[in-house]
Structure formats: structure tokens, C-alpha cells
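Data from data.txt: compact mmCIF, C-alpha atoms and all ligand atoms
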# COMPACT_ATOMS: atom_id res chain seq x y z
CA MET A 721 27.62 -3.35 -5.62
CA THR A 722 28.22 -7.08 -5.96
CA GLY A 723 31.76 -8.21 -5.27
CA ASP A 724 33.13 -4.99 -3.75
CA ARG A 725 32.41 -5.63 -0.10
CA SER A 726 35.31 -4.74 2.15
CA GLY A 727 33.84 -6.15 5.37
CA ALA A 728 34.31 -9.51 7.04
CA ASN A 729 33.05 -11.46 4.06
CA PRO A 730 34.88 -10.00 1.02
CA GLY A 731 33.90 -11.05 -2.46
CA SER A 732 30.31 -11.97 -1.55
CA ASP A 733 27.09 -9.99 -1.94
CA ALA A 734 26.88 -7.10 0.50
CA VAL A 735 24.10 -7.91 2.96
CA VAL A 736 22.10 -5.01 4.39
CA VAL A 737 20.01 -5.55 7.53
CA ALA A 738 16.92 -3.45 8.22
CA GLN A 739 14.67 -3.88 11.22
CA GLY A 740 11.44 -2.69 12.75
CA THR A 741 7.99 -3.60 13.98
CA PHE A 742 6.05 -3.22 10.67
CA ASP A 743 2.68 -3.52 12.41
CA ILE A 744 0.44 -2.11 9.66
CA LEU A 745 2.32 -1.56 6.41
CA HIS A 746 2.35 1.86 4.72
CA PRO A 747 4.47 3.68 2.07
CA GLY A 748 6.93 4.93 4.72
CA HIS A 749 7.97 1.30 5.28
CA LEU A 750 8.42 0.76 1.54
CA HIS A 751 10.52 3.92 1.30
CA TYR A 752 12.76 2.74 4.17
CA LEU A 753 13.24 -0.73 2.68
CA ARG A 754 14.02 0.66 -0.80
CA ASP A 755 16.53 3.02 0.76
CA ALA A 756 18.10 0.17 2.76
CA LYS A 757 18.28 -2.12 -0.29
CA ALA A 758 20.17 0.59 -2.21
CA MET A 759 22.93 0.40 0.45
CA GLY A 760 23.98 -3.10 -0.70
CA ASP A 761 23.01 -6.15 -2.71
CA ARG A 762 20.84 -8.32 -0.50
CA LEU A 763 18.27 -7.00 2.01
CA VAL A 764 17.42 -9.05 5.09
CA VAL A 765 14.75 -7.60 7.39
CA ILE A 766 14.55 -8.49 11.06
CA VAL A 767 10.98 -8.14 12.25
CA ALA A 768 10.84 -7.32 15.97
CA ARG A 769 9.27 -9.87 18.28
CA SER A 770 6.15 -8.42 19.94
CA THR A 771 7.74 -9.05 23.36
CA ASN A 772 10.64 -6.76 22.38
CA VAL A 773 8.43 -3.83 21.33
CA THR A 774 8.52 -2.09 24.69
CA HIS A 775 9.14 1.52 23.58
CA LYS A 776 5.58 1.96 22.23
CA GLU A 777 2.21 0.16 22.16
CA SER A 778 2.46 -3.56 21.46
CA PRO A 779 1.76 -4.46 17.81
CA VAL A 780 -1.80 -5.43 16.84
CA VAL A 781 -0.67 -7.90 14.16
CA PRO A 782 1.10 -11.10 15.33
CA GLY A 783 4.80 -11.49 14.52
CA PRO A 784 4.54 -14.32 11.95
CA GLN A 785 1.95 -12.30 9.96
CA ARG A 786 4.11 -9.14 10.09
CA ARG A 787 7.08 -11.19 8.89
CA GLU A 788 5.11 -12.70 5.99
CA MET A 789 3.92 -9.29 4.76
CA VAL A 790 7.42 -7.77 4.89
CA ALA A 791 8.82 -10.82 3.04
CA GLY A 792 6.40 -10.08 0.17
CA LEU A 793 7.71 -6.54 -0.45
CA ASP A 794 9.75 -6.00 -3.61
CA PRO A 795 13.06 -4.77 -2.10
CA VAL A 796 13.14 -7.56 0.49
CA ASP A 797 15.20 -10.70 -0.15
CA GLU A 798 14.47 -12.30 3.21
CA ALA A 799 12.45 -11.41 6.32
CA ARG A 800 12.85 -13.20 9.62
CA LEU A 801 11.45 -12.81 13.10
CA GLY A 802 14.12 -11.48 15.42
CA HIS A 803 15.77 -13.26 18.30
CA PRO A 804 13.64 -13.19 21.48
CA GLU A 805 16.47 -11.98 23.77
CA ASP A 806 19.67 -11.03 21.97
CA ILE A 807 19.23 -8.52 19.12
CA PHE A 808 22.84 -9.06 18.02
CA ALA A 809 22.50 -12.85 17.58
CA PRO A 810 20.96 -12.56 14.06
CA ILE A 811 23.58 -9.93 13.17
CA GLU A 812 26.39 -12.31 14.12
CA GLU A 813 24.85 -15.00 11.94
CA LEU A 814 24.09 -12.75 8.95
CA ASP A 815 27.44 -10.89 9.04
CA PRO A 816 26.02 -7.85 7.18
CA ALA A 817 28.05 -5.12 5.49
CA VAL A 818 25.52 -2.49 6.64
CA ILE A 819 22.87 -2.07 9.33
CA ALA A 820 20.34 0.48 8.05
CA LEU A 821 18.59 2.22 10.92
CA GLY A 822 15.24 3.85 10.17
CA TYR A 823 15.18 7.65 10.10
CA ASP A 824 13.32 7.78 13.45
CA GLN A 825 14.42 4.56 15.11
CA HIS A 826 15.15 5.13 18.78
CA HIS A 827 18.38 3.11 18.63
CA ASP A 828 21.54 5.14 19.07
CA ALA A 829 23.91 4.54 16.13
CA ASP A 830 27.06 5.00 18.23
CA GLY A 831 25.74 2.60 20.89
CA ILE A 832 25.16 -0.03 18.21
CA ARG A 833 28.65 0.59 16.76
CA ALA A 834 30.13 0.04 20.23
CA ALA A 835 28.15 -3.20 20.74
CA LEU A 836 29.26 -4.47 17.31
CA ALA A 837 32.90 -3.66 18.10
CA ASP A 838 32.61 -5.53 21.43
CA ARG A 839 31.52 -8.61 19.52
CA GLY A 840 34.13 -8.21 16.79
CA ILE A 841 31.50 -7.60 14.08
CA ASP A 842 32.78 -5.44 11.21
CA CYS A 843 29.69 -3.64 9.97
CA GLU A 844 28.77 -0.10 8.96
CA VAL A 845 25.79 1.57 10.69
CA ARG A 846 23.86 4.02 8.53
CA ARG A 847 20.57 5.90 8.82
CA ALA A 848 17.88 5.75 6.14
CA THR A 849 15.97 8.84 5.02
CA ALA A 850 12.37 9.81 5.80
CA HIS A 851 9.61 9.62 3.23
CA GLU A 852 8.84 13.05 1.72
CA PRO A 853 7.02 15.06 4.41
CA ASP A 854 4.56 16.62 1.95
CA TYR A 855 3.16 13.22 0.93
CA GLU A 856 -0.60 13.17 1.58
CA GLY A 857 -0.73 9.84 3.34
CA VAL A 858 -0.69 8.29 6.78
CA LEU A 859 2.95 7.25 7.15
CA SER A 860 2.83 5.74 10.62
CA SER A 861 1.27 2.50 11.88
CA GLY A 862 0.37 4.22 15.15
CA ARG A 863 -1.39 7.09 13.34
CA ILE A 864 -3.31 4.63 11.12
CA ILE A 865 -4.57 2.89 14.26
CA ASP A 866 -5.46 6.26 15.87
CA ARG A 867 -7.40 7.25 12.76
CA ILE A 868 -9.30 3.95 12.75
CA LEU A 869 -10.24 4.50 16.39
CA ASP A 870 -11.27 8.14 15.75
CA GLU A 871 -13.25 7.55 12.57
CA ARG A 872 -14.60 4.00 13.03
CA GLY A 873 -14.51 3.47 16.77
C1 LIG B 1 20.62 -3.99 14.90
C2 LIG B 1 19.25 -4.36 15.39
C3 LIG B 1 18.93 -5.69 15.53
C4 LIG B 1 17.67 -6.07 15.99
N1 LIG B 1 17.40 -7.39 16.20
C5 LIG B 1 16.24 -7.73 16.78
C6 LIG B 1 15.99 -9.09 17.13
O1 LIG B 1 16.79 -9.99 16.92
N2 LIG B 1 14.80 -9.38 17.73
C7 LIG B 1 13.84 -8.43 17.96
O2 LIG B 1 12.79 -8.77 18.49
N3 LIG B 1 14.06 -7.15 17.64
C8 LIG B 1 15.23 -6.78 17.06
N4 LIG B 1 15.46 -5.48 16.75
C9 LIG B 1 14.32 -4.54 16.84
C10 LIG B 1 14.27 -3.79 18.14
O3 LIG B 1 14.13 -4.70 19.14
C11 LIG B 1 13.10 -2.76 18.16
O4 LIG B 1 11.95 -3.37 18.60
C12 LIG B 1 12.81 -2.19 16.81
O5 LIG B 1 13.96 -1.56 16.34
C13 LIG B 1 11.66 -1.26 16.87
O6 LIG B 1 11.75 -0.38 15.81
P1 LIG B 1 10.54 0.53 15.40
O7 LIG B 1 10.18 1.40 16.57
O8 LIG B 1 11.09 1.30 14.29
O9 LIG B 1 9.42 -0.36 15.00
C14 LIG B 1 16.70 -5.07 16.30
C15 LIG B 1 17.03 -3.72 16.14
C16 LIG B 1 18.29 -3.36 15.70
C17 LIG B 1 18.63 -1.91 15.56
N1 LIG B 2 7.30 7.74 7.03
C1 LIG B 2 8.42 7.00 7.06
N2 LIG B 2 9.49 7.31 6.30
C2 LIG B 2 10.61 6.57 6.32
N3 LIG B 2 10.78 5.46 7.11
C3 LIG B 2 9.74 5.11 7.88
C4 LIG B 2 8.51 5.84 7.91
N4 LIG B 2 7.68 5.24 8.79
C5 LIG B 2 8.36 4.20 9.30
N5 LIG B 2 9.59 4.11 8.75
C6 LIG B 2 10.64 3.16 9.09
O1 LIG B 2 10.14 1.83 9.00
C7 LIG B 2 10.73 1.03 10.04
C8 LIG B 2 9.68 0.33 10.83
O2 LIG B 2 8.93 1.32 11.43
P1 LIG B 2 7.78 1.07 12.45
O3 LIG B 2 7.31 -0.33 12.39
O4 LIG B 2 8.15 1.66 13.78
O5 LIG B 2 6.65 1.95 11.76
P2 LIG B 2 5.93 3.24 12.20
O6 LIG B 2 4.84 3.42 11.21
O7 LIG B 2 6.89 4.38 12.39
O8 LIG B 2 5.30 2.81 13.62
P3 LIG B 2 4.68 3.70 14.78
O9 LIG B 2 3.73 4.65 14.13
O10 LIG B 2 4.01 2.67 15.63
O11 LIG B 2 5.85 4.36 15.45
C9 LIG B 2 11.54 2.00 10.92
O12 LIG B 2 12.89 1.87 10.55
C10 LIG B 2 11.03 3.37 10.55
O13 LIG B 2 12.02 4.39 10.68
Would you put the structure from the file into C-alpha cells?
Amino acid sequence: MTGDRSGANPGSDAVVVAQGTFDILHPGHLHYLRDAKAMGDRLVVIVARSTNVTHKESPVVPGPQRREMVAGLDPVDEARLGHPEDIFAPIEELDPAVIALGYDQHHDADGIRAALADRGIDCEVRRATAHEPDYEGVLSSGRIIDRILDERG
């Protein structure tokens, strides 16, 4: 897809931004990041600050360690800890062609489109797919933690 970007930065590699907590890594995360990478050329992952994870239990693993693990995954070109207050500040700086929302991320795609338009950011918002439901694994950080508590607690 190199060179065919029609967004604000034509002629350059199409940057895709993915984001999430990534508390305890599992194949669902890898599936999401592979899917996101296929939407462009260069994948930058914004790892949520623990203080911004307010819609579910706070992560067990500290932010810098979550960032380092995500940075080591094959589809990922760069992983950075997010902004502490303004989730659109890194987006303004990165100027991505695509924001890839996770299949179950609570963010509303139209709300994000409206916020991007308010800031004059020209960027597509897409949703990634879910990992195959019949996979015999534990594809959720929260469920891994629950299982540890049930079986080892
Ligand atoms: C476009 C976008 C940008 C984001 N940027 C940041 C950020 O700069 N800092 C941050 O702490 N979280 C950021 N987030 C993450 C959210 O704050 C939220 O915690 C995260 O999406 C949780 O996803 P999860 O439930 O899938 O783990 C961003 C999310 C989106 C959709
Ligand atoms: N099974 C899965 N299939 C596809 N994408 C997934 C899967 N699990 C998580 N993701 C995606 O990975 C990103 C980060 O997810 P997150 O850190 O919330 O993981 P999680 O395992 O769903 O966490 P929790 O169990 O605490 O909700 C999100 O965009 C999410 O949609």
C-alpha cells in the first residue's frame, strides 16, 4: 500500500494506529494487530495509560511493561504509551491514514470521526475483526486473570 495514501500526508507510508490496554497478551491481541497492520503500511500502537483505563478493572501490568511487550510483536512497527489526558494528541502528531478500532472496543466510531473532524484530522476509522470464536483458547486478559484466580487462588 506504500505510496497510495490519499490522506493528509500523500506519498508517504500509510500509518495505521491501533490502541488498547494489552494487560496480559494473548492470540486475540495478535489477531487484532495483524488485522490493523493489513490496513496500511506502518502500525503504531498506543498503549493506554493505566489512569485512563476506567471502563474496566485497572491493568495488573504497569504501562511501560505493557508497551515493551506490544513493541516486540511482529506486526508492530512502534508502540508508545498514550497521552495522560488527551487521547487525540498522539493522533495529531502521528497523522495516521487509519485508526483501527478493536472489534469490541467501547469507543463509538462515529464519535471518534466527529472529534477528528473538529480537529481537522483527515483519517479513516475502521473496525478490526474478532479472532475465530471456535478457537480453544482464552482470548481475553480479564478471563485469563479470572482463570488464574479460580484455579490457582
Ligand atoms: C483513537 C484513540 C486514541 C487513544 N489514545 C490514547 C492515549 O493517548 N492515551 C491513553 O491512555 N489511551 C488512549 N486510548 C485508549 C483509551 O483510552 C482506552 O483506554 C482503550 O481504548 C481501552 O481499550 P480496551 O478496552 O480495548 O483495552 C485511545 C483510544 C482511541 C480509540
Ligand atoms: N479475541 C480477540 N479478537 C480480536 N481482537 C481482540 C481480542 N481480544 C482483544 N482484542 C483487541 O485487542 C485490543 C486490546 O484489547 P484489551 O487490552 O482490552 O484486551 P482484552 O483481552 O479484550 O481485555 P479484557 O479481557 O480486560 O477486556 C482491543 O482492540 C481488542 O478489541
Can you tell me, as AutoDock Vina command-line options, the centre and edge lengths (Å, one decimal) of the axis-aligned box enclosing all of ligand LIG 2 (chain B)'s listed atoms after padding each side by 5 Å?
--center_x 8.3 --center_y 3.7 --center_z 11.0 --size_x 19.2 --size_y 18.1 --size_z 19.3
Exercise answer, 8 Å around ligand LIG 1 (chain B) with all atoms listed in the file, as a VMD selection string: chain A and resid 737 to 743 766 to 776 801 to 811 819 821 to 822 824 to 827 832
Those residues with C-alpha atoms, as a short mmCIF file (atom, residue, chain, number, x, y, z; two decimals), in the frame of the given file please?
data_model
loop_
_atom_site.label_atom_id
_atom_site.label_comp_id
_atom_site.auth_asym_id
_atom_site.auth_seq_id
_atom_site.Cartn_x
_atom_site.Cartn_y
_atom_site.Cartn_z
CA VAL A 737 20.01 -5.55 7.53
CA ALA A 738 16.92 -3.45 8.22
CA GLN A 739 14.67 -3.88 11.22
CA GLY A 740 11.44 -2.69 12.75
CA THR A 741 7.99 -3.60 13.98
CA PHE A 742 6.05 -3.22 10.67
CA ASP A 743 2.68 -3.52 12.41
CA ILE A 766 14.55 -8.49 11.06
CA VAL A 767 10.98 -8.14 12.25
CA ALA A 768 10.84 -7.32 15.97
CA ARG A 769 9.27 -9.87 18.28
CA SER A 770 6.15 -8.42 19.94
CA THR A 771 7.74 -9.05 23.36
CA ASN A 772 10.64 -6.76 22.38
CA VAL A 773 8.43 -3.83 21.33
CA THR A 774 8.52 -2.09 24.69
CA HIS A 775 9.14 1.52 23.58
CA LYS A 776 5.58 1.96 22.23
CA LEU A 801 11.45 -12.81 13.10
CA GLY A 802 14.12 -11.48 15.42
CA HIS A 803 15.77 -13.26 18.30
CA PRO A 804 13.64 -13.19 21.48
CA GLU A 805 16.47 -11.98 23.77
CA ASP A 806 19.67 -11.03 21.97
CA ILE A 807 19.23 -8.52 19.12
CA PHE A 808 22.84 -9.06 18.02
CA ALA A 809 22.50 -12.85 17.58
CA PRO A 810 20.96 -12.56 14.06
CA ILE A 811 23.58 -9.93 13.17
CA ILE A 819 22.87 -2.07 9.33
CA LEU A 821 18.59 2.22 10.92
CA GLY A 822 15.24 3.85 10.17
CA ASP A 824 13.32 7.78 13.45
CA GLN A 825 14.42 4.56 15.11
CA HIS A 826 15.15 5.13 18.78
CA HIS A 827 18.38 3.11 18.63
CA ILE A 832 25.16 -0.03 18.21
#
Distance in Å - atom C6 of ligand LIG 2 (chain B) versus atom CA of A:Thr849: 8.8 Å
Atomic distance atom CA of A:Glu813 - atom N4 of ligand LIG 2 (chain B), expressed in Å with one decimal: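 Between atom CA of A:Glu813 and atom N4 of ligand LIG 2 (chain B) the gap works out to 26.7 Å.
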Length of the atom CA of A:Asp794 to atom CA of A:Val781 vector [Å]: 20.7 Å
Of the listed residues A:Leu745, A:Leu793, A:Ala850, A:Ala756, that which approaches ligand LIG 2 (chain B) most closely, counting all atoms listed in the file: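 Between A:Leu745, A:Leu793, A:Ala850, A:Ala756, the residue approaching ligand LIG 2 (chain B) most closely is A:Ala850.
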Best match for closeness to ligand LIG 2 (chain B) among A:Ala848, A:Val818, A:Met759, A:Ala791, counting all atoms listed in the file: A:Ala848
So that each row is one residue of stretch 772-803 of chain A with an atom at most 10 Å from stretch 857-864 of chain A, can you give its shortest atom pair and the distance in Å to one decimal, using all atoms listed in the file, rows by chain and rising number, as JSON lines?
{"residue": "A:Lys776", "atom": "CA", "partner": "A:Gly862", "partner_atom": "CA", "distance": 9.1}
{"residue": "A:Glu777", "atom": "CA", "partner": "A:Gly862", "partner_atom": "CA", "distance": 8.3}
{"residue": "A:Pro779", "atom": "CA", "partner": "A:Ser861", "partner_atom": "CA", "distance": 9.2}
{"residue": "A:Val780", "atom": "CA", "partner": "A:Ser861", "partner_atom": "CA", "distance": 9.8}
Counting all atoms listed in the file, the residue of A:Pro795, A:Arg846, A:Gly840, A:Leu814 that sits nearest A:Asp828: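 Selected residue with least distance to A:Asp828: A:Arg846.
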Residue with smallest distance to ligand LIG 2 (chain B) - pool A:Val796, A:Ala758, A:Ile841, A:Ala820, counting all atoms listed in the file: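 Under the stated criterion, the closest residue is A:Ala820.
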From A:Val765, A:Gly792, A:Gly760, A:Asp797, residue lying nearest ligand LIG 2 (chain B) [only C-alpha atoms and all ligand atoms]: A:Val765
Pick from A:Ala835, A:Val736, A:Ala799, A:Leu753, whichever lies nearest to ligand LIG 2 (chain B) using all atoms listed in the file: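 When distances to ligand LIG 2 (chain B) are compared using all atoms listed in the file, the smallest one comes from A:Leu753.
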